[in-house]
>>> print(open('run39.cif').read())   # mmCIF, C-alpha atoms
data_upload
loop_
_atom_site.group_PDB
_atom_site.id
_atom_site.type_symbol
_atom_site.label_atom_id
_atom_site.label_comp_id
_atom_site.auth_asym_id
_atom_site.auth_seq_id
_atom_site.Cartn_x
_atom_site.Cartn_y
_atom_site.Cartn_z
ATOM 1 C CA MET B 230 -9.289 17.234 -16.874
ATOM 2 C CA THR B 231 -7.452 19.530 -19.276
ATOM 3 C CA THR B 232 -3.713 19.977 -19.531
ATOM 4 C CA SER B 233 -3.970 23.326 -17.745
ATOM 5 C CA HIS B 234 -4.536 21.342 -14.545
ATOM 6 C CA PHE B 235 -1.220 19.518 -14.883
ATOM 7 C CA ARG B 236 1.481 21.310 -12.911
ATOM 8 C CA PRO B 237 3.741 20.597 -9.939
ATOM 9 C CA ARG B 238 1.669 20.529 -6.754
ATOM 10 C CA SER B 239 2.462 20.791 -3.057
ATOM 11 C CA ALA B 240 1.473 17.979 -0.701
ATOM 12 C CA SER B 241 -1.668 19.813 0.434
ATOM 13 C CA GLU B 242 -2.629 20.536 -3.184
ATOM 14 C CA LEU B 243 -2.195 16.857 -4.063
ATOM 15 C CA VAL B 244 -4.482 15.851 -1.206
ATOM 16 C CA ASP B 245 -7.086 18.410 -2.286
ATOM 17 C CA ALA B 246 -6.874 17.294 -5.932
ATOM 18 C CA ALA B 247 -7.182 13.630 -4.910
ATOM 19 C CA ILE B 248 -10.278 14.299 -2.789
ATOM 20 C CA GLN B 249 -11.922 16.277 -5.596
ATOM 21 C CA LEU B 250 -11.071 13.543 -8.110
ATOM 22 C CA ALA B 251 -12.466 10.838 -5.826
ATOM 23 C CA ARG B 252 -15.682 12.802 -5.275
ATOM 24 C CA ALA B 253 -16.193 13.375 -8.992
ATOM 25 C CA ASN B 254 -15.737 9.661 -9.789
ATOM 26 C CA TYR B 255 -16.791 8.139 -6.498
ATOM 27 C CA GLN B 256 -19.300 5.540 -7.683
ATOM 28 C CA PRO B 257 -16.998 3.427 -9.923
ATOM 29 C CA LEU B 258 -14.074 3.874 -7.534
ATOM 30 C CA LEU B 259 -16.232 2.812 -4.569
ATOM 31 C CA VAL B 260 -17.408 -0.285 -6.448
ATOM 32 C CA LEU B 261 -13.787 -1.210 -7.104
ATOM 33 C CA SER B 262 -12.913 -0.600 -3.459
ATOM 34 C CA ALA B 263 -15.690 -2.930 -2.312
ATOM 35 C CA ILE B 264 -14.728 -5.629 -4.822
ATOM 36 C CA ILE B 265 -11.055 -5.628 -3.854
ATOM 37 C CA SER B 266 -11.760 -5.419 -0.121
ATOM 38 C CA LEU B 267 -14.292 -8.221 0.292
ATOM 39 C CA PRO B 268 -11.875 -11.126 -0.326
ATOM 40 C CA SER B 269 -9.487 -9.730 2.278
ATOM 41 C CA LEU B 270 -12.325 -9.239 4.749
ATOM 42 C CA ILE B 271 -13.464 -12.839 4.283
ATOM 43 C CA ILE B 272 -9.913 -14.123 4.677
ATOM 44 C CA ASN B 273 -9.468 -12.032 7.834
ATOM 45 C CA LEU B 274 -12.642 -13.550 9.236
ATOM 46 C CA ILE B 275 -11.369 -17.069 8.492
ATOM 47 C CA ASN B 276 -7.988 -16.242 10.001
ATOM 48 C CA GLY B 277 -9.711 -14.931 13.110
ATOM 49 C CA GLN B 278 -11.332 -18.327 13.578
ATOM 50 C CA LEU B 279 -8.138 -20.270 12.823
ATOM 51 C CA LEU B 280 -5.682 -18.365 14.984
ATOM 52 C CA PRO B 281 -5.202 -19.964 18.399
ATOM 53 C CA SER B 282 -6.351 -18.064 21.447
ATOM 54 C CA PRO B 283 -3.739 -16.112 23.438
ATOM 55 C CA SER B 284 -4.108 -18.727 26.174
ATOM 56 C CA ALA B 285 -3.014 -21.536 23.862
ATOM 57 C CA THR B 286 0.251 -23.013 25.076
ATOM 58 C CA VAL B 287 0.800 -25.960 22.760
ATOM 59 C CA ASP B 288 3.465 -25.134 20.182
ATOM 60 C CA ALA B 289 2.019 -27.651 17.708
ATOM 61 C CA GLU B 290 -1.356 -25.867 17.841
ATOM 62 C CA TRP B 291 0.242 -22.542 17.005
ATOM 63 C CA ARG B 292 2.328 -24.076 14.224
ATOM 64 C CA ASP B 293 -0.529 -25.958 12.561
ATOM 65 C CA ARG B 294 -2.901 -23.012 12.586
ATOM 66 C CA LEU B 295 -0.278 -20.550 11.398
ATOM 67 C CA LEU B 296 0.470 -22.883 8.486
ATOM 68 C CA LEU B 297 -3.164 -22.370 7.471
ATOM 69 C CA THR B 298 -3.462 -18.644 8.150
ATOM 70 C CA LEU B 299 -0.245 -17.527 6.467
ATOM 71 C CA PRO B 300 -1.193 -18.825 2.970
ATOM 72 C CA LEU B 301 -4.641 -17.262 3.345
ATOM 73 C CA THR B 302 -3.102 -13.942 4.332
ATOM 74 C CA LEU B 303 -0.714 -14.086 1.375
ATOM 75 C CA ALA B 304 -3.612 -14.877 -0.973
ATOM 76 C CA GLY B 305 -5.618 -11.928 0.361
ATOM 77 C CA THR B 306 -2.612 -9.653 -0.071
ATOM 78 C CA CYS B 307 -2.132 -10.755 -3.681
ATOM 79 C CA VAL B 308 -5.812 -10.146 -4.413
ATOM 80 C CA PHE B 309 -5.454 -6.668 -2.968
ATOM 81 C CA PHE B 310 -2.391 -5.934 -5.151
ATOM 82 C CA VAL B 311 -4.378 -6.760 -8.287
ATOM 83 C CA GLY B 312 -7.460 -4.878 -7.131
ATOM 84 C CA TYR B 313 -5.401 -1.843 -6.190
ATOM 85 C CA GLY B 314 -3.920 -1.943 -9.693
ATOM 86 C CA ALA B 315 -7.458 -1.702 -11.086
ATOM 87 C CA LEU B 316 -8.190 1.208 -8.743
ATOM 88 C CA VAL B 317 -5.061 3.097 -9.861
ATOM 89 C CA LEU B 318 -5.890 2.482 -13.516
ATOM 90 C CA SER B 319 -9.421 3.789 -13.049
ATOM 91 C CA ALA B 320 -8.166 6.814 -11.106
ATOM 92 C CA SER B 321 -5.606 7.525 -13.841
ATOM 93 C CA GLU B 322 -8.303 7.629 -16.499
ATOM 94 C CA ALA B 323 -10.295 10.011 -14.305
ATOM 95 C CA TYR B 324 -7.213 12.180 -13.735
ATOM 96 C CA LEU B 325 -6.336 12.425 -17.415
ATOM 97 C CA HIS B 326 -9.756 12.233 -19.069
ATOM 98 C CA GLY B 327 -12.201 13.187 -16.325
ATOM 99 C CA ARG B 328 -13.844 9.758 -16.351
ATOM 100 C CA ALA B 329 -13.038 6.630 -14.376
ATOM 101 C CA VAL B 330 -12.699 3.238 -16.051
ATOM 102 C CA GLU B 331 -15.723 0.975 -15.603
ATOM 103 C CA PRO B 332 -14.919 -1.401 -12.705
ATOM 104 C CA GLY B 333 -15.230 -4.612 -14.722
ATOM 105 C CA ALA B 334 -12.926 -3.339 -17.454
ATOM 106 C CA ALA B 335 -10.415 -2.048 -14.903
ATOM 107 C CA LEU B 336 -10.332 -5.412 -13.118
ATOM 108 C CA ARG B 337 -9.836 -7.293 -16.389
ATOM 109 C CA ARG B 338 -6.921 -5.081 -17.340
ATOM 110 C CA ALA B 339 -5.408 -5.420 -13.881
ATOM 111 C CA ALA B 340 -5.845 -9.201 -13.969
ATOM 112 C CA ALA B 341 -3.836 -9.237 -17.203
ATOM 113 C CA ARG B 342 -0.996 -7.589 -15.254
ATOM 114 C CA ALA B 343 -1.469 -9.732 -12.137
ATOM 115 C CA GLY B 344 1.953 -11.393 -12.279
ATOM 116 C CA SER B 345 3.828 -8.103 -12.438
ATOM 117 C CA LEU B 346 1.569 -6.454 -9.850
ATOM 118 C CA ILE B 347 2.063 -9.242 -7.328
ATOM 119 C CA ALA B 348 5.783 -9.802 -7.948
ATOM 120 C CA GLY B 349 6.605 -6.084 -8.021
ATOM 121 C CA ASN B 350 4.710 -5.259 -4.847
ATOM 122 C CA LEU B 351 6.006 -8.292 -2.954
ATOM 123 C CA LEU B 352 9.555 -7.337 -3.921
ATOM 124 C CA ALA B 353 8.960 -3.753 -2.770
ATOM 125 C CA TYR B 354 7.518 -5.024 0.522
ATOM 126 C CA MET B 355 10.505 -7.308 1.095
ATOM 127 C CA ILE B 356 12.922 -4.440 0.483
ATOM 128 C CA THR B 357 10.959 -2.007 2.643
ATOM 129 C CA ILE B 358 10.384 -4.211 5.692
ATOM 130 C CA GLY B 359 13.696 -6.037 5.371
ATOM 131 C CA GLY B 360 15.097 -4.075 8.293
ATOM 132 C CA LEU B 361 12.217 -5.099 10.559
ATOM 133 C CA PHE B 362 12.787 -8.718 9.559
ATOM 134 C CA VAL B 363 16.465 -8.378 10.485
ATOM 135 C CA ALA B 364 15.432 -6.906 13.848
ATOM 136 C CA ALA B 365 13.072 -9.836 14.482
ATOM 137 C CA VAL B 366 15.799 -12.347 13.594
ATOM 138 C CA GLY B 367 18.229 -10.444 15.803
ATOM 139 C CA MET B 368 15.789 -10.621 18.701
ATOM 140 C CA ALA B 369 15.411 -14.382 18.190
ATOM 141 C CA VAL B 370 19.198 -14.758 18.225
ATOM 142 C CA LEU B 371 19.684 -12.545 21.269
ATOM 143 C CA ALA B 372 16.805 -13.999 23.313
ATOM 144 C CA PRO B 373 18.733 -17.140 24.405
ATOM 145 C CA MET B 374 21.538 -14.853 25.592
ATOM 146 C CA LEU B 375 19.031 -13.037 27.802
ATOM 147 C CA THR B 376 17.798 -16.351 29.214
ATOM 148 C CA ARG B 377 21.331 -17.425 30.044
ATOM 149 C CA ALA B 378 22.025 -14.043 31.606
ATOM 150 C CA GLY B 379 19.113 -14.599 34.015
ATOM 151 C CA ALA B 380 19.163 -11.929 36.682
ATOM 152 C CA ASN B 381 22.437 -10.489 35.386
ATOM 153 C CA VAL B 382 21.755 -6.774 35.093
ATOM 154 C CA GLY B 383 24.639 -6.265 32.684
ATOM 155 C CA GLY B 384 23.330 -8.986 30.378
ATOM 156 C CA LEU B 385 19.836 -7.517 30.444
ATOM 157 C CA ILE B 386 21.131 -4.038 29.622
ATOM 158 C CA GLY B 387 23.237 -5.444 26.784
ATOM 159 C CA PHE B 388 20.253 -7.295 25.328
ATOM 160 C CA VAL B 389 18.002 -4.227 25.506
ATOM 161 C CA ALA B 390 20.705 -2.021 23.984
ATOM 162 C CA ALA B 391 21.418 -4.448 21.129
ATOM 163 C CA PHE B 392 17.744 -4.941 20.305
ATOM 164 C CA SER B 393 17.024 -1.206 20.537
ATOM 165 C CA LEU B 394 19.847 -0.508 18.096
ATOM 166 C CA LEU B 395 18.519 -3.099 15.657
ATOM 167 C CA LEU B 396 15.002 -1.696 15.934
ATOM 168 C CA ILE B 397 16.128 1.917 15.445
ATOM 169 C CA LEU B 398 18.232 1.003 12.402
ATOM 170 C CA SER B 399 15.347 -0.962 10.879
ATOM 171 C CA LEU B 400 12.915 1.929 11.419
ATOM 172 C CA VAL B 401 15.403 4.350 9.846
ATOM 173 C CA TRP B 402 15.606 2.053 6.831
ATOM 174 C CA LEU B 403 11.799 1.874 6.702
ATOM 175 C CA VAL B 404 11.569 5.671 6.546
ATOM 176 C CA ILE B 405 14.239 5.762 3.836
ATOM 177 C CA ALA B 406 12.811 2.934 1.730
ATOM 178 C CA LEU B 407 9.070 3.521 2.027
ATOM 179 C CA PRO B 408 8.859 6.631 -0.215
ATOM 180 C CA ARG B 409 10.883 4.894 -2.920
ATOM 181 C CA TYR B 410 8.377 2.188 -3.719
ATOM 182 C CA VAL B 411 4.908 3.732 -3.420
ATOM 183 C CA ASN B 412 4.644 4.025 -7.200
ATOM 184 C CA VAL B 413 5.291 0.385 -8.114
ATOM 185 C CA THR B 414 1.621 -0.309 -8.854
ATOM 186 C CA ALA B 415 1.233 2.862 -10.940
ATOM 187 C CA VAL B 416 4.341 2.028 -12.988
ATOM 188 C CA VAL B 417 3.157 -1.543 -13.634
ATOM 189 C CA MET B 418 -0.321 -0.439 -14.717
ATOM 190 C CA LEU B 419 0.417 2.839 -16.501
ATOM 191 C CA GLU B 420 3.758 2.024 -18.122
ATOM 192 C CA HIS B 421 3.267 -1.730 -18.638
ATOM 193 C CA ALA B 422 6.505 -2.397 -16.757
ATOM 194 C CA GLY B 423 7.670 -5.717 -15.339
ATOM 195 C CA PRO B 424 8.271 -6.148 -11.595
ATOM 196 C CA LEU B 425 12.007 -5.388 -11.542
ATOM 197 C CA THR B 426 11.611 -2.432 -13.896
ATOM 198 C CA ALA B 427 8.707 -1.119 -11.802
ATOM 199 C CA VAL B 428 10.762 -1.244 -8.602
ATOM 200 C CA ARG B 429 13.688 0.578 -10.235
ATOM 201 C CA ARG B 430 11.401 3.085 -11.945
ATOM 202 C CA SER B 431 9.520 3.856 -8.720
ATOM 203 C CA ARG B 432 12.828 4.479 -6.956
ATOM 204 C CA GLU B 433 13.945 6.789 -9.760
ATOM 205 C CA LEU B 434 10.724 8.812 -9.711
ATOM 206 C CA SER B 435 10.953 9.370 -5.950
ATOM 207 C CA ARG B 436 14.398 10.987 -6.010
ATOM 208 C CA GLY B 437 14.300 14.440 -4.471
ATOM 209 C CA SER B 438 10.702 13.993 -3.270
ATOM 210 C CA ALA B 439 11.112 11.623 -0.313
ATOM 211 C CA ALA B 440 10.098 14.186 2.310
ATOM 212 C CA ARG B 441 6.967 15.175 0.385
ATOM 213 C CA ILE B 442 5.979 11.526 -0.120
ATOM 214 C CA LEU B 443 6.507 10.808 3.571
ATOM 215 C CA GLY B 444 4.276 13.772 4.360
ATOM 216 C CA LEU B 445 1.512 12.305 2.191
ATOM 217 C CA LEU B 446 1.929 8.895 3.815
ATOM 218 C CA LEU B 447 1.686 10.512 7.245
ATOM 219 C CA ILE B 448 -1.524 12.305 6.258
ATOM 220 C CA LEU B 449 -3.000 9.009 5.054
ATOM 221 C CA LEU B 450 -1.906 7.192 8.194
ATOM 222 C CA VAL B 451 -3.541 9.778 10.439
ATOM 223 C CA LEU B 452 -6.731 9.667 8.339
ATOM 224 C CA PHE B 453 -6.897 5.869 8.460
ATOM 225 C CA LEU B 454 -6.187 5.689 12.189
ATOM 226 C CA VAL B 455 -8.726 8.351 13.122
ATOM 227 C CA VAL B 456 -11.451 6.740 11.022
ATOM 228 C CA TYR B 457 -10.577 3.201 12.130
ATOM 229 C CA PHE B 458 -10.447 3.832 15.869
ATOM 230 C CA THR B 459 -13.565 5.995 15.766
ATOM 231 C CA VAL B 460 -15.566 3.282 14.038
ATOM 232 C CA ALA B 461 -13.962 0.500 16.098
ATOM 233 C CA GLY B 462 -14.945 2.333 19.264
ATOM 234 C CA LEU B 463 -18.552 2.692 18.108
ATOM 235 C CA ILE B 464 -18.784 -0.951 17.054
ATOM 236 C CA GLY B 465 -17.034 -2.119 20.225
ATOM 237 C CA GLY B 466 -19.750 -0.455 22.265
ATOM 238 C CA LEU B 467 -22.373 -2.531 20.445
ATOM 239 C CA VAL B 468 -20.589 -5.849 19.842
ATOM 240 C CA ASP B 469 -18.901 -7.681 22.696
ATOM 241 C CA ASN B 470 -16.525 -9.701 20.515
ATOM 242 C CA ALA B 471 -13.037 -8.444 19.655
ATOM 243 C CA ALA B 472 -12.674 -10.586 16.491
ATOM 244 C CA ILE B 473 -16.032 -9.456 15.068
ATOM 245 C CA THR B 474 -15.309 -5.848 16.047
ATOM 246 C CA GLY B 475 -11.966 -5.966 14.222
ATOM 247 C CA MET B 476 -13.538 -7.455 11.100
ATOM 248 C CA LEU B 477 -16.441 -5.006 10.972
ATOM 249 C CA SER B 478 -14.089 -2.083 11.566
ATOM 250 C CA THR B 479 -12.142 -2.934 8.414
ATOM 251 C CA PHE B 480 -15.252 -2.182 6.359
ATOM 252 C CA VAL B 481 -14.628 1.484 7.072
ATOM 253 C CA PHE B 482 -11.633 1.401 4.738
ATOM 254 C CA ILE B 483 -13.828 0.666 1.707
ATOM 255 C CA PRO B 484 -15.050 4.287 1.323
ATOM 256 C CA VAL B 485 -11.508 5.552 2.060
ATOM 257 C CA TYR B 486 -9.724 3.486 -0.621
ATOM 258 C CA PRO B 487 -10.893 5.732 -3.526
ATOM 259 C CA VAL B 488 -8.952 8.621 -1.973
ATOM 260 C CA LEU B 489 -5.938 6.324 -1.574
ATOM 261 C CA GLY B 490 -6.061 5.428 -5.267
ATOM 262 C CA THR B 491 -6.562 8.976 -6.518
ATOM 263 C CA LEU B 492 -3.883 10.392 -4.198
ATOM 264 C CA PHE B 493 -1.116 8.048 -5.316
ATOM 265 C CA THR B 494 -2.189 8.344 -8.934
ATOM 266 C CA ALA B 495 -1.946 12.132 -8.668
ATOM 267 C CA LEU B 496 1.425 11.711 -6.937
ATOM 268 C CA TYR B 497 2.705 9.505 -9.779
ATOM 269 C CA TYR B 498 1.856 12.133 -12.392
ATOM 270 C CA ASP B 499 3.182 14.922 -10.189
ATOM 271 C CA LEU B 500 6.550 13.146 -9.922
ATOM 272 C CA ARG B 501 6.648 12.679 -13.691
ATOM 273 C CA ILE B 502 5.879 16.372 -14.215
ATOM 274 C CA ARG B 503 8.666 17.384 -11.842
ATOM 275 C CA ARG B 504 11.300 14.968 -13.134
ATOM 276 C CA GLU B 505 10.377 14.544 -16.806
ATOM 277 C CA GLY B 506 8.332 17.583 -17.790
ATOM 278 C CA TYR B 507 5.301 15.399 -18.418
ATOM 279 C CA ASP B 508 3.043 18.475 -18.386
ATOM 280 C CA ILE B 509 4.883 19.728 -21.502
ATOM 281 C CA GLU B 510 4.248 16.403 -23.194
ATOM 282 C CA LEU B 511 0.548 16.660 -22.377
ATOM 283 C CA LEU B 512 0.456 20.268 -23.558
ATOM 284 C CA ALA B 513 1.984 19.204 -26.878
ATOM 285 C CA GLN B 514 -0.867 16.714 -27.286
ATOM 286 C CA GLY B 515 -3.382 19.528 -26.872
ATOM 287 C CA ILE B 516 -5.711 17.542 -24.605
ATOM 288 C CA GLY B 517 -5.120 15.377 -21.571
ATOM 289 C CA GLU B 518 -5.682 12.090 -23.355
ATOM 290 C CA LEU B 519 -3.436 9.104 -22.987
ATOM 291 C CA PRO B 520 -0.811 8.986 -25.729
ATOM 292 C CA ALA B 521 -0.632 6.078 -28.113
ATOM 293 C CA SER B 522 1.447 3.035 -27.360
ATOM 294 C CA GLY B 523 5.153 3.378 -27.941
ATOM 295 C CA PRO B 524 7.679 0.949 -29.374
ATOM 296 C CA ALA B 525 7.439 -2.712 -28.562
ATOM 297 C CA GLY B 526 3.817 -2.250 -27.502
ATOM 298 C CA GLN B 527 4.713 -0.315 -24.351
ATOM 299 C CA ALA B 528 2.632 2.686 -23.432
ATOM 300 C CA SER B 529 4.592 5.921 -23.690
ATOM 301 C CA TYR B 530 2.758 7.615 -20.842
#
>>> encode(input="run39.cif", output="structure tokens")
Amino acid sequence: MTTSHFRPRSASELVDAAIQLARANYQPLLVLSAIISLPSLIINLINGQLLPSPSATVDAEWRDRLLLTLPLTLAGTCVFFVGYGALVLSASEAYLHGRAVEPGAALRRAAARAGSLIAGNLLAYMITIGGLFVAAVGMAVLAPMLTRAGANVGGLIGFVAAFSLLLILSLVWLVIALPRYVNVTAVVMLEHAGPLTAVRRSRELSRGSAARILGLLLILLVLFLVVYFTVAGLIGGLVDNAAITGMLSTFVFIPVYPVLGTLFTALYYDLRIRREGYDIELLAQGIGELPASGPAGQASY
């Protein structure tokens, strides 16, 4: 891709550019998607066997099995963070040079940044869903009050009102925070930043573009939901097992992940062009190649 392609883009133009980029480099990006998805799929299958049935009433059974499933879920999430870093790196090379990084090389480079990828993304998740956690804690605190209130209509109304307020405030915070931290992975991989720097840098890049980022996230959400429920419905008609249906349905995300990687990579560069004039920097280089490393071994791109 030449520097003439680097310019500020609208949300629809970013989606179109991401789809074209994914199509042009689909094979290596699809291989990466499969590699990073399989561990999570296996862990989900194990979790499906470990989780107690809805009819289970023994608290100890729930506790013991959750103690097993939660570490597995965390491990799968960490694997995904590293794999997604490889996907973003490969998509970045395709965006700048017109060629995706070979999957093995991309995974090795992402593994070298595993600590920052995991810590940065976990921190961003904690900040983003912090409001929902507060709402859950609030519900746990208010629940005994509801029990004591019994059939007291006033107590019930107070509980519902308090919980609704907590939930609304947490969702408002989610909408505010979510656009700020979508670029943490790109900053870690493409700027060699540490976790705290990546979180701050992602927040800085998003300033003034929150609505556009939310629009992109909404487009992705609709795409994922349509594809997922369509495939889940087809599989559900053939397999009479909810756990197996859920696991098989997640396979549909593998061919969608390349678009996810290319879209947020294109968004990262678009934000840099808008805020930092990165297109001028690329134009000065004459071709869209990655610039050399800057001081202290940090990449200047």
>>> resolve_selection(input="run39.cif", expression="the PyMOL selection byres ((chain B and resi 341) around 12)", output="PyMOL selection string")
chain B and resi 311-312+314-315+334-340+342-347+417-418+421
>>> write_last_selection(input="run39.cif", atoms="C-alpha atoms", output="short mmCIF file (atom, residue, chain, number, x, y, z; two decimals), keeping the file's coordinate frame")
data_model
loop_
_atom_site.label_atom_id
_atom_site.label_comp_id
_atom_site.auth_asym_id
_atom_site.auth_seq_id
_atom_site.Cartn_x
_atom_site.Cartn_y
_atom_site.Cartn_z
CA VAL B 311 -4.38 -6.76 -8.29
CA GLY B 312 -7.46 -4.88 -7.13
CA GLY B 314 -3.92 -1.94 -9.69
CA ALA B 315 -7.46 -1.70 -11.09
CA ALA B 334 -12.93 -3.34 -17.45
CA ALA B 335 -10.42 -2.05 -14.90
CA LEU B 336 -10.33 -5.41 -13.12
CA ARG B 337 -9.84 -7.29 -16.39
CA ARG B 338 -6.92 -5.08 -17.34
CA ALA B 339 -5.41 -5.42 -13.88
CA ALA B 340 -5.84 -9.20 -13.97
CA ARG B 342 -1.00 -7.59 -15.25
CA ALA B 343 -1.47 -9.73 -12.14
CA GLY B 344 1.95 -11.39 -12.28
CA SER B 345 3.83 -8.10 -12.44
CA LEU B 346 1.57 -6.45 -9.85
CA ILE B 347 2.06 -9.24 -7.33
CA VAL B 417 3.16 -1.54 -13.63
CA MET B 418 -0.32 -0.44 -14.72
CA HIS B 421 3.27 -1.73 -18.64
#
>>> residues_around(input="run39.cif", residues="stretch 395-412 of chain B", least_positions_apart="3", cutoff="6 Å", atoms="only C-alpha atoms", output="list of chain:residue names")
B:Thr357, B:Gly360, B:Leu361, B:Ala364, B:Phe392, B:Ala415, B:Ser431, B:Arg432, B:Ser435, B:Ala439, B:Ile442
>>> write_last_selection(input="run39.cif", atoms="C-alpha atoms", output="short mmCIF file (atom, residue, chain, number, x, y, z; two decimals), in the coordinates of the input")
data_model
loop_
_atom_site.label_atom_id
_atom_site.label_comp_id
_atom_site.auth_asym_id
_atom_site.auth_seq_id
_atom_site.Cartn_x
_atom_site.Cartn_y
_atom_site.Cartn_z
CA THR B 357 10.96 -2.01 2.64
CA GLY B 360 15.10 -4.08 8.29
CA LEU B 361 12.22 -5.10 10.56
CA ALA B 364 15.43 -6.91 13.85
CA PHE B 392 17.74 -4.94 20.30
CA ALA B 415 1.23 2.86 -10.94
CA SER B 431 9.52 3.86 -8.72
CA ARG B 432 12.83 4.48 -6.96
CA SER B 435 10.95 9.37 -5.95
CA ALA B 439 11.11 11.62 -0.31
CA ILE B 442 5.98 11.53 -0.12
#
>>> resolve_selection(input="run39.cif", expression="the PyMOL selection byres ((chain B and resi 237-249) around 10)", output="ChimeraX atom specification")
/B:234-236,250-255,320,324,440-445,448-449,487-496,498-504,506,508
>>> write_last_selection(input="run39.cif", atoms="C-alpha atoms", output="CSV table (one decimal), in the frame of the given file")
chain,number,residue,atom,x,y,z
B,234,HIS,CA,-4.5,21.3,-14.5
B,235,PHE,CA,-1.2,19.5,-14.9
B,236,ARG,CA,1.5,21.3,-12.9
B,250,LEU,CA,-11.1,13.5,-8.1
B,251,ALA,CA,-12.5,10.8,-5.8
B,252,ARG,CA,-15.7,12.8,-5.3
B,253,ALA,CA,-16.2,13.4,-9.0
B,254,ASN,CA,-15.7,9.7,-9.8
B,255,TYR,CA,-16.8,8.1,-6.5
B,320,ALA,CA,-8.2,6.8,-11.1
B,324,TYR,CA,-7.2,12.2,-13.7
B,440,ALA,CA,10.1,14.2,2.3
B,441,ARG,CA,7.0,15.2,0.4
B,442,ILE,CA,6.0,11.5,-0.1
B,443,LEU,CA,6.5,10.8,3.6
B,444,GLY,CA,4.3,13.8,4.4
B,445,LEU,CA,1.5,12.3,2.2
B,448,ILE,CA,-1.5,12.3,6.3
B,449,LEU,CA,-3.0,9.0,5.1
B,487,PRO,CA,-10.9,5.7,-3.5
B,488,VAL,CA,-9.0,8.6,-2.0
B,489,LEU,CA,-5.9,6.3,-1.6
B,490,GLY,CA,-6.1,5.4,-5.3
B,491,THR,CA,-6.6,9.0,-6.5
B,492,LEU,CA,-3.9,10.4,-4.2
B,493,PHE,CA,-1.1,8.0,-5.3
B,494,THR,CA,-2.2,8.3,-8.9
B,495,ALA,CA,-1.9,12.1,-8.7
B,496,LEU,CA,1.4,11.7,-6.9
B,498,TYR,CA,1.9,12.1,-12.4
B,499,ASP,CA,3.2,14.9,-10.2
B,500,LEU,CA,6.6,13.1,-9.9
B,501,ARG,CA,6.6,12.7,-13.7
B,502,ILE,CA,5.9,16.4,-14.2
B,503,ARG,CA,8.7,17.4,-11.8
B,504,ARG,CA,11.3,15.0,-13.1
B,506,GLY,CA,8.3,17.6,-17.8
B,508,ASP,CA,3.0,18.5,-18.4
>>> residues_around(input="run39.cif", residues="B:Ala348", least_positions_apart="4", cutoff="9 Å", atoms="only C-alpha atoms", output="PDB file with C-alpha atoms, in the coordinates of the input")
ATOM      1  CA  ALA B 343      -1.469  -9.732 -12.137  1.00  0.00           C
ATOM      2  CA  GLY B 344       1.953 -11.393 -12.279  1.00  0.00           C
ATOM      3  CA  LEU B 352       9.555  -7.337  -3.921  1.00  0.00           C
ATOM      4  CA  ALA B 353       8.960  -3.753  -2.770  1.00  0.00           C
ATOM      5  CA  GLY B 423       7.670  -5.717 -15.339  1.00  0.00           C
ATOM      6  CA  PRO B 424       8.271  -6.148 -11.595  1.00  0.00           C
ATOM      7  CA  LEU B 425      12.007  -5.388 -11.542  1.00  0.00           C
TER       8      LEU B 425
END
>>> decode(input="run39.cif", residues="stretch 301-311 of chain B", atoms="N, CA and C atoms", output="mmCIF file, in the first residue's frame")
data_model
loop_
_atom_site.group_PDB
_atom_site.id
_atom_site.type_symbol
_atom_site.label_atom_id
_atom_site.label_comp_id
_atom_site.auth_asym_id
_atom_site.auth_seq_id
_atom_site.Cartn_x
_atom_site.Cartn_y
_atom_site.Cartn_z
ATOM 1 N N LEU B 301 -8.949 -21.500 33.979
ATOM 2 C CA LEU B 301 -8.914 -21.907 32.573
ATOM 3 C C LEU B 301 -9.389 -20.778 31.666
ATOM 4 N N THR B 302 -10.439 -20.096 32.084
ATOM 5 C CA THR B 302 -10.954 -18.976 31.303
ATOM 6 C C THR B 302 -9.930 -17.858 31.218
ATOM 7 N N LEU B 303 -9.271 -17.564 32.341
ATOM 8 C CA LEU B 303 -8.232 -16.534 32.348
ATOM 9 C C LEU B 303 -7.078 -16.924 31.433
ATOM 10 N N ALA B 304 -6.686 -18.199 31.467
ATOM 11 C CA ALA B 304 -5.598 -18.666 30.601
ATOM 12 C C ALA B 304 -5.973 -18.522 29.136
ATOM 13 N N GLY B 305 -7.207 -18.888 28.786
ATOM 14 C CA GLY B 305 -7.657 -18.751 27.399
ATOM 15 C C GLY B 305 -7.682 -17.301 26.956
ATOM 16 N N THR B 306 -8.080 -16.416 27.871
ATOM 17 C CA THR B 306 -8.110 -14.987 27.558
ATOM 18 C C THR B 306 -6.713 -14.454 27.312
ATOM 19 N N CYS B 307 -5.758 -14.878 28.124
ATOM 20 C CA CYS B 307 -4.368 -14.422 27.956
ATOM 21 C C CYS B 307 -3.790 -14.915 26.636
ATOM 22 N N VAL B 308 -4.109 -16.164 26.287
ATOM 23 C CA VAL B 308 -3.655 -16.698 24.996
ATOM 24 C C VAL B 308 -4.227 -15.869 23.849
ATOM 25 N N PHE B 309 -5.490 -15.492 23.984
ATOM 26 C CA PHE B 309 -6.113 -14.685 22.943
ATOM 27 C C PHE B 309 -5.438 -13.317 22.832
ATOM 28 N N PHE B 310 -5.097 -12.687 23.958
ATOM 29 C CA PHE B 310 -4.432 -11.384 23.927
ATOM 30 C C PHE B 310 -3.144 -11.460 23.113
ATOM 31 N N VAL B 311 -2.362 -12.507 23.355
ATOM 32 C CA VAL B 311 -1.089 -12.653 22.633
ATOM 33 C C VAL B 311 -1.345 -12.944 21.157
#
